[in-house]
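K.L.:
Below you'll find structure_3.cif; it's mmCIF, C-alpha atoms and all ligand atoms.
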```
data_target
loop_
_atom_site.group_PDB
_atom_site.id
_atom_site.type_symbol
_atom_site.label_atom_id
_atom_site.label_comp_id
_atom_site.auth_asym_id
_atom_site.auth_seq_id
_atom_site.Cartn_x
_atom_site.Cartn_y
_atom_site.Cartn_z
ATOM 1 C CA MET A 1 30.505 3.928 6.182
ATOM 2 C CA ASN A 2 27.669 1.428 6.775
ATOM 3 C CA LEU A 3 25.249 0.905 9.671
ATOM 4 C CA GLU A 4 27.558 -1.596 11.334
ATOM 5 C CA ASP A 5 30.443 0.897 11.318
ATOM 6 C CA ILE A 6 28.148 3.451 12.969
ATOM 7 C CA SER A 7 26.991 0.877 15.562
ATOM 8 C CA ASN A 8 30.587 0.037 16.388
ATOM 9 C CA GLN A 9 31.340 3.716 16.990
ATOM 10 C CA ILE A 10 28.260 4.054 19.221
ATOM 11 C CA LYS A 11 29.205 1.002 21.299
ATOM 12 C CA VAL A 12 32.482 2.621 22.391
ATOM 13 C CA CYS A 13 31.251 6.235 22.467
ATOM 14 C CA GLU A 14 32.198 8.328 25.498
ATOM 15 C CA LYS A 15 30.976 11.693 24.265
ATOM 16 C CA CYS A 16 28.592 12.288 27.155
ATOM 17 C CA ILE A 17 28.028 11.215 30.744
ATOM 18 C CA LEU A 18 25.415 8.618 29.770
ATOM 19 C CA SER A 19 28.303 6.406 28.671
ATOM 20 C CA LYS A 20 29.491 6.161 32.272
ATOM 21 C CA GLU A 21 26.418 4.374 33.613
ATOM 22 C CA ARG A 22 25.312 2.331 30.655
ATOM 23 C CA THR A 23 25.358 -1.453 30.597
ATOM 24 C CA ARG A 24 25.213 -1.402 26.817
ATOM 25 C CA ALA A 25 24.777 1.256 24.205
ATOM 26 C CA VAL A 26 21.715 0.722 22.009
ATOM 27 C CA PRO A 27 22.639 1.686 18.440
ATOM 28 C CA GLY A 28 19.491 0.434 16.696
ATOM 29 C CA THR A 29 18.229 -2.755 15.066
ATOM 30 C CA GLY A 30 16.311 -3.907 12.054
ATOM 31 C CA ASN A 31 16.660 -4.183 8.322
ATOM 32 C CA PRO A 32 19.604 -2.135 7.032
ATOM 33 C CA ASN A 33 17.805 -1.816 3.675
ATOM 34 C CA SER A 34 14.557 -0.606 5.204
ATOM 35 C CA LYS A 35 13.106 2.662 3.963
ATOM 36 C CA VAL A 36 11.128 3.045 7.221
ATOM 37 C CA VAL A 37 12.869 4.271 10.352
ATOM 38 C CA PHE A 38 11.264 4.482 13.808
ATOM 39 C CA ILE A 39 12.975 6.836 16.238
ATOM 40 C CA GLY A 40 12.235 6.786 19.965
ATOM 41 C CA GLU A 41 13.680 8.916 22.736
ATOM 42 C CA ALA A 42 16.241 6.856 24.639
ATOM 43 C CA PRO A 43 16.755 3.299 25.900
ATOM 44 C CA GLY A 44 15.148 2.243 29.171
ATOM 45 C CA TYR A 45 16.193 -0.453 31.650
ATOM 46 C CA TYR A 46 15.644 -3.514 29.454
ATOM 47 C CA GLU A 47 17.078 -1.866 26.337
ATOM 48 C CA ASP A 48 20.213 -0.989 28.328
ATOM 49 C CA GLN A 49 20.472 -4.604 29.500
ATOM 50 C CA GLU A 50 20.010 -6.099 26.044
ATOM 51 C CA GLY A 51 21.466 -3.472 23.721
ATOM 52 C CA ILE A 52 18.269 -3.594 21.627
ATOM 53 C CA PRO A 53 15.737 -0.741 21.330
ATOM 54 C CA PHE A 54 12.094 -1.087 22.346
ATOM 55 C CA VAL A 55 12.188 -4.448 24.134
ATOM 56 C CA GLY A 56 10.634 -3.301 27.454
ATOM 57 C CA ARG A 57 6.931 -2.724 28.118
ATOM 58 C CA ALA A 58 6.585 0.160 25.677
ATOM 59 C CA GLY A 59 8.547 -1.771 23.087
ATOM 60 C CA LYS A 60 6.320 -4.825 23.489
ATOM 61 C CA LEU A 61 3.282 -2.637 22.858
ATOM 62 C CA LEU A 62 4.937 -1.170 19.763
ATOM 63 C CA THR A 63 5.930 -4.608 18.435
ATOM 64 C CA LYS A 64 2.453 -6.056 19.100
ATOM 65 C CA THR A 65 0.706 -3.133 17.407
ATOM 66 C CA LEU A 66 3.006 -3.333 14.386
ATOM 67 C CA ASN A 67 2.355 -7.082 14.147
ATOM 68 C CA GLU A 68 -1.397 -6.444 14.197
ATOM 69 C CA LEU A 69 -0.844 -4.146 11.228
ATOM 70 C CA LYS A 70 1.208 -6.893 9.518
ATOM 71 C CA ILE A 71 4.429 -4.947 9.988
ATOM 72 C CA ASN A 72 7.330 -7.038 11.250
ATOM 73 C CA ARG A 73 9.814 -5.083 13.347
ATOM 74 C CA GLU A 74 12.652 -6.964 11.636
ATOM 75 C CA ASP A 75 11.606 -5.347 8.351
ATOM 76 C CA VAL A 76 11.969 -1.757 9.568
ATOM 77 C CA PHE A 77 14.817 0.006 11.341
ATOM 78 C CA ILE A 78 14.316 1.077 14.966
ATOM 79 C CA THR A 79 16.564 3.424 16.891
ATOM 80 C CA ASN A 80 16.507 6.327 19.361
ATOM 81 C CA ILE A 81 17.608 9.942 19.683
ATOM 82 C CA ALA A 82 19.943 9.012 22.569
ATOM 83 C CA LYS A 83 21.762 5.708 22.264
ATOM 84 C CA CYS A 84 22.436 5.241 25.994
ATOM 85 C CA ARG A 85 19.993 5.051 28.900
ATOM 86 C CA PRO A 86 19.537 8.230 30.943
ATOM 87 C CA PRO A 87 19.460 7.529 34.719
ATOM 88 C CA ASP A 88 15.929 6.994 36.081
ATOM 89 C CA ASN A 89 14.664 7.098 32.490
ATOM 90 C CA ARG A 90 14.703 10.898 32.485
ATOM 91 C CA ARG A 91 14.670 12.752 29.188
ATOM 92 C CA PRO A 92 18.093 13.169 27.591
ATOM 93 C CA THR A 93 19.442 16.664 28.210
ATOM 94 C CA ARG A 94 20.257 19.122 25.437
ATOM 95 C CA GLU A 95 23.982 18.376 25.873
ATOM 96 C CA GLU A 96 23.374 14.638 25.601
ATOM 97 C CA THR A 97 21.175 15.056 22.553
ATOM 98 C CA THR A 98 23.731 17.334 20.912
ATOM 99 C CA ALA A 99 26.490 14.823 21.609
ATOM 100 C CA CYS A 100 24.488 11.849 20.353
ATOM 101 C CA THR A 101 22.440 12.973 17.367
ATOM 102 C CA PRO A 102 25.389 13.048 14.925
ATOM 103 C CA TYR A 103 25.072 9.222 15.093
ATOM 104 C CA LEU A 104 21.379 9.378 14.256
ATOM 105 C CA ASN A 105 22.106 11.769 11.400
ATOM 106 C CA LEU A 106 24.707 9.335 10.037
ATOM 107 C CA GLN A 107 22.222 6.451 10.321
ATOM 108 C CA ILE A 108 19.621 8.472 8.420
ATOM 109 C CA ASP A 109 22.178 9.376 5.734
ATOM 110 C CA VAL A 110 23.040 5.693 5.243
ATOM 111 C CA LEU A 111 19.433 4.440 5.338
ATOM 112 C CA THR A 112 17.985 7.230 3.127
ATOM 113 C CA PRO A 113 14.493 6.475 4.464
ATOM 114 C CA LYS A 114 11.232 7.266 2.683
ATOM 115 C CA TYR A 115 9.408 7.301 6.021
ATOM 116 C CA ILE A 116 10.602 8.502 9.396
ATOM 117 C CA VAL A 117 8.326 7.720 12.330
ATOM 118 C CA PRO A 118 9.305 9.768 15.388
ATOM 119 C CA LEU A 119 7.801 8.207 18.505
ATOM 120 C CA GLY A 120 7.022 10.898 21.060
ATOM 121 C CA ALA A 121 7.749 14.591 21.318
ATOM 122 C CA THR A 122 11.517 14.474 21.914
ATOM 123 C CA SER A 123 12.028 12.650 18.660
ATOM 124 C CA GLY A 124 9.266 14.536 16.823
ATOM 125 C CA GLU A 125 10.744 17.908 17.681
ATOM 126 C CA PHE A 126 14.252 16.855 16.687
ATOM 127 C CA ILE A 127 13.183 15.404 13.333
ATOM 128 C CA PHE A 128 10.894 18.343 12.462
ATOM 129 C CA LYS A 129 13.695 20.790 13.252
ATOM 130 C CA LYS A 130 16.194 18.763 11.214
ATOM 131 C CA TYR A 131 13.960 19.046 8.134
ATOM 132 C CA GLY A 132 12.834 22.635 8.754
ATOM 133 C CA VAL A 133 9.233 21.823 9.668
ATOM 134 C CA PRO A 134 7.651 23.847 12.515
ATOM 135 C CA TRP A 135 6.732 21.676 15.485
ATOM 136 C CA THR A 136 3.582 22.329 17.524
ATOM 137 C CA ALA A 137 2.768 19.584 20.057
ATOM 138 C CA MET A 138 2.624 15.793 19.942
ATOM 139 C CA MET A 139 -1.126 15.731 20.487
ATOM 140 C CA LYS A 140 -1.550 17.978 17.430
ATOM 141 C CA GLU A 141 1.026 16.313 15.194
ATOM 142 C CA ASN A 142 0.102 12.667 15.942
ATOM 143 C CA GLY A 143 -0.711 10.790 12.754
ATOM 144 C CA ILE A 144 -0.262 13.745 10.407
ATOM 145 C CA ILE A 145 2.243 13.096 7.634
ATOM 146 C CA LYS A 146 4.592 15.919 6.653
ATOM 147 C CA LYS A 147 6.256 15.589 3.246
ATOM 148 C CA VAL A 148 9.676 17.152 2.841
ATOM 149 C CA SER A 149 12.098 17.056 -0.061
ATOM 150 C CA THR A 150 15.629 15.978 0.629
ATOM 151 C CA ILE A 151 18.635 15.391 -1.603
ATOM 152 C CA PHE A 152 17.584 11.719 -1.550
ATOM 153 C CA GLY A 153 14.031 12.483 -2.762
ATOM 154 C CA GLU A 154 10.735 12.868 -0.976
ATOM 155 C CA LEU A 155 10.620 11.950 2.711
ATOM 156 C CA ARG A 156 7.448 11.492 4.736
ATOM 157 C CA ILE A 157 7.562 12.184 8.455
ATOM 158 C CA LEU A 158 4.823 10.500 10.477
ATOM 159 C CA PRO A 159 4.880 11.511 14.159
ATOM 160 C CA VAL A 160 3.231 8.994 16.478
ATOM 161 C CA ILE A 161 2.649 9.290 20.220
ATOM 162 C CA HIS A 162 5.097 7.293 22.278
ATOM 163 C CA PRO A 163 3.890 3.814 23.286
ATOM 164 C CA ALA A 164 4.887 4.625 26.905
ATOM 165 C CA ALA A 165 2.297 7.441 26.794
ATOM 166 C CA VAL A 166 -0.271 4.856 25.708
ATOM 167 C CA LEU A 167 0.689 2.600 28.634
ATOM 168 C CA ARG A 168 0.234 5.546 30.999
ATOM 169 C CA ASN A 169 -3.124 6.369 29.469
ATOM 170 C CA PRO A 170 -4.810 3.481 27.623
ATOM 171 C CA HIS A 171 -7.444 5.878 26.240
ATOM 172 C CA ARG A 172 -4.754 6.878 23.772
ATOM 173 C CA THR A 173 -4.617 3.393 22.214
ATOM 174 C CA GLU A 174 -6.876 4.318 19.312
ATOM 175 C CA MET A 175 -4.909 7.414 18.373
ATOM 176 C CA PHE A 176 -1.685 5.384 18.542
ATOM 177 C CA VAL A 177 -3.025 2.599 16.320
ATOM 178 C CA ASN A 178 -4.717 4.985 13.875
ATOM 179 C CA ALA A 179 -1.497 6.980 13.512
ATOM 180 C CA LEU A 180 0.542 3.831 12.790
ATOM 181 C CA LYS A 181 -2.086 2.715 10.257
ATOM 182 C CA LYS A 182 -0.982 5.621 8.057
ATOM 183 C CA LEU A 183 2.084 3.510 7.273
ATOM 184 C CA ILE A 184 0.091 0.763 5.540
HETATM 185 N N1 LIG A 201 11.479 4.131 24.928
HETATM 186 C C1 LIG A 201 12.189 4.673 23.929
HETATM 187 O O1 LIG A 201 11.992 5.829 23.575
HETATM 188 N N2 LIG A 201 13.109 3.927 23.338
HETATM 189 C C2 LIG A 201 13.366 2.663 23.668
HETATM 190 O O2 LIG A 201 14.230 2.031 23.058
HETATM 191 C C3 LIG A 201 12.590 2.118 24.717
HETATM 192 C C4 LIG A 201 11.662 2.856 25.320
#
```
For this file, write the structure as structure tokens.
Ligand code: URA
P.N.:
Amino acid sequence: MNLEDISNQIKVCEKCILSKERTRAVPGTGNPNSKVVFIGEAPGYYEDQEGIPFVGRAGKLLTKTLNELKINREDVFITNIAKCRPPDNRRPTREETTACTPYLNLQIDVLTPKYIVPLGATSGEFIFKKYGVPWTAMMKENGIIKKVSTIFGELRILPVIHPAAVLRNPHRTEMFVNALKKLI
């Protein structure tokens, strides 16, 4: 199985109610050979329209900040915990996450990343739990790399606050940028 096979499965998935209201599923985009994977929470309005993650306001902030750090979003892989937009941009429920994360796990198995960057607490908690690392809170974990060993070798997990949280509170810009700088 490759990333395209997984995307094709996601595009026709009907495992949870989010499939009923979506315009498009948002499997993930980027370099299939990248060893760096960014994982957000779930698509918003513009992502649902375009089928591409992080293209709305929060995504533009992420892309701009990465560019300032000389990281091109085409060179990394970007996806989400939930591949379809929850109504009113609410958090995905436990049932939706349980239904959807087998796709994320498959994507991670195929990509065998060296870095995973969870954006925000929903993603941070899921990834920490997956690798057996205790989660505290986003404000405590932001920018702190956790090294874990996997059957594919060492993996570094770098939790970063969600760019939407930075838009809500611009005072968090510095902690967002400083956390992302740990990648370079
Ligand atoms: N927020 C997310 O968590 N993911 C997206 O793709 C867009 C906004």
K.L.:
Counting all atoms listed in the file, what is within 10 Å of A:Thr65, bar same-chain residues fewer than 2 positions away, as an MDAnalysis selection string?
P.N.:
chainID A and resid 59:63 67:72 163 173 176:177 180:181
K.L.:
Given a cut-off of 9 Å, what residues near ligand LIG 201 (chain A) show up using all atoms listed in the file, put as a short mmCIF file (atom, residue, chain, number, x, y, z; two decimals) with C-alpha atoms, in the frame of the given file?
P.N.:
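Writing done, so here's part03.cif:
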```
data_model
loop_
_atom_site.label_atom_id
_atom_site.label_comp_id
_atom_site.auth_asym_id
_atom_site.auth_seq_id
_atom_site.Cartn_x
_atom_site.Cartn_y
_atom_site.Cartn_z
CA VAL A 26 21.72 0.72 22.01
CA GLY A 28 19.49 0.43 16.70
CA ILE A 39 12.98 6.84 16.24
CA GLY A 40 12.24 6.79 19.96
CA GLU A 41 13.68 8.92 22.74
CA ALA A 42 16.24 6.86 24.64
CA PRO A 43 16.76 3.30 25.90
CA GLY A 44 15.15 2.24 29.17
CA TYR A 45 16.19 -0.45 31.65
CA TYR A 46 15.64 -3.51 29.45
CA GLU A 47 17.08 -1.87 26.34
CA ASP A 48 20.21 -0.99 28.33
CA ILE A 52 18.27 -3.59 21.63
CA PRO A 53 15.74 -0.74 21.33
CA PHE A 54 12.09 -1.09 22.35
CA VAL A 55 12.19 -4.45 24.13
CA GLY A 56 10.63 -3.30 27.45
CA ARG A 57 6.93 -2.72 28.12
CA ALA A 58 6.58 0.16 25.68
CA GLY A 59 8.55 -1.77 23.09
CA ILE A 78 14.32 1.08 14.97
CA THR A 79 16.56 3.42 16.89
CA ASN A 80 16.51 6.33 19.36
CA ILE A 81 17.61 9.94 19.68
CA ALA A 82 19.94 9.01 22.57
CA LYS A 83 21.76 5.71 22.26
CA ARG A 85 19.99 5.05 28.90
CA ASN A 89 14.66 7.10 32.49
CA LEU A 119 7.80 8.21 18.50
CA GLY A 120 7.02 10.90 21.06
CA THR A 122 11.52 14.47 21.91
CA SER A 123 12.03 12.65 18.66
CA HIS A 162 5.10 7.29 22.28
CA PRO A 163 3.89 3.81 23.29
CA ALA A 164 4.89 4.62 26.90
#
```
K.L.:
Given the file shown, determine the residues that the PyMOL selection byres (((chain A and resi 106-109) around 10) and not hetatm) selects; report them as a PyMOL selection string.
P.N.:
chain A and resi 1-7+27-28+32+35+37+77+79+101-105+110-113+116+152
K.L.:
For the residues in that selection, give me C-alpha atoms as an mmCIF file, in the frame of the given file.
P.N.:
```
data_model
loop_
_atom_site.group_PDB
_atom_site.id
_atom_site.type_symbol
_atom_site.label_atom_id
_atom_site.label_comp_id
_atom_site.auth_asym_id
_atom_site.auth_seq_id
_atom_site.Cartn_x
_atom_site.Cartn_y
_atom_site.Cartn_z
ATOM 1 C CA MET A 1 30.505 3.928 6.182
ATOM 2 C CA ASN A 2 27.669 1.428 6.775
ATOM 3 C CA LEU A 3 25.249 0.905 9.671
ATOM 4 C CA GLU A 4 27.558 -1.596 11.334
ATOM 5 C CA ASP A 5 30.443 0.897 11.318
ATOM 6 C CA ILE A 6 28.148 3.451 12.969
ATOM 7 C CA SER A 7 26.991 0.877 15.562
ATOM 8 C CA PRO A 27 22.639 1.686 18.440
ATOM 9 C CA GLY A 28 19.491 0.434 16.696
ATOM 10 C CA PRO A 32 19.604 -2.135 7.032
ATOM 11 C CA LYS A 35 13.106 2.662 3.963
ATOM 12 C CA VAL A 37 12.869 4.271 10.352
ATOM 13 C CA PHE A 77 14.817 0.006 11.341
ATOM 14 C CA THR A 79 16.564 3.424 16.891
ATOM 15 C CA THR A 101 22.440 12.973 17.367
ATOM 16 C CA PRO A 102 25.389 13.048 14.925
ATOM 17 C CA TYR A 103 25.072 9.222 15.093
ATOM 18 C CA LEU A 104 21.379 9.378 14.256
ATOM 19 C CA ASN A 105 22.106 11.769 11.400
ATOM 20 C CA VAL A 110 23.040 5.693 5.243
ATOM 21 C CA LEU A 111 19.433 4.440 5.338
ATOM 22 C CA THR A 112 17.985 7.230 3.127
ATOM 23 C CA PRO A 113 14.493 6.475 4.464
ATOM 24 C CA ILE A 116 10.602 8.502 9.396
ATOM 25 C CA PHE A 152 17.584 11.719 -1.550
#
```
K.L.:
Between A:Met139, A:Leu66, A:Cys100, A:Cys13, which is the closest to A:Val160 once you count only C-alpha atoms?
P.N.:
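Once distances to A:Val160 are computed over only C-alpha atoms, the minimum belongs to A:Met139.
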K.L.:
In Å, rounded to a single decimal, give me how far atom CA of A:Glu125 is from atom CA of A:Cys84.
P.N.:
19.1 Å
K.L.:
Would you compute an axis-aligned box for stretch 165-183 of chain A, covering every atom listed for it in the file with 8 Å of margin on each side, and report centre and edge lengths in Å to one decimal as AutoDock Vina command-line options?
P.N.:
```
--center_x -2.6 --center_y 5.0 --center_z 19.1 --size_x 25.7 --size_y 20.8 --size_z 39.7
```
K.L.:
Step by step, work through what the PyMOL selection byres (((chain A and resi 143-151) around 10) and not hetatm) selects in the shown file, and finish by giving those residues as an NGL selection string.
P.N.:
:A and (112 or 114-117 or 128 or 131-133 or 138-142 or 152-161 or 175-183)
K.L.:
Considering all atoms listed in the file, can you say which of A:Ile127, A:Ala137, A:Cys16, A:Ala121 comes closest to A:Pro86?
P.N.:
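Selected residue with least distance to A:Pro86: A:Cys16.
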K.L.:
Record the distance separating atom CA of A:Arg24 and atom CA of A:Gln9, expressed in Å with one decimal.
P.N.:
12.7 Å
K.L.:
For the provided coordinates, the residues matched by the PyMOL selection byres (((chain A and resi 17) around 10) and not hetatm) should be stated as a list in words.
P.N.:
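That selection, the PyMOL selection byres (((chain A and resi 17) around 10) and not hetatm), comes back as Glu14, Lys15, Cys16, Leu18, Ser19, Lys20, Glu21, Arg22, Cys84, Pro86, Glu95, Glu96 and Ala99 of chain A.
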K.L.:
Any chance you can output those residues with C-alpha atoms as a compact mmCIF listing (two decimals), in the coordinates of the input?
P.N.:
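Final output, saved to selection-v4.txt:
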```txt
# COMPACT_ATOMS: atom_id res chain seq x y z
CA GLU A 14 32.20 8.33 25.50
CA LYS A 15 30.98 11.69 24.26
CA CYS A 16 28.59 12.29 27.16
CA LEU A 18 25.42 8.62 29.77
CA SER A 19 28.30 6.41 28.67
CA LYS A 20 29.49 6.16 32.27
CA GLU A 21 26.42 4.37 33.61
CA ARG A 22 25.31 2.33 30.66
CA CYS A 84 22.44 5.24 25.99
CA PRO A 86 19.54 8.23 30.94
CA GLU A 95 23.98 18.38 25.87
CA GLU A 96 23.37 14.64 25.60
CA ALA A 99 26.49 14.82 21.61
```
K.L.:
Quick check, in Å to one decimal: how far apart do atom CA of A:Thr97 and atom CA of A:Phe38 lie?
P.N.:
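Atom CA of A:Thr97 sits 16.9 Å away from atom CA of A:Phe38.
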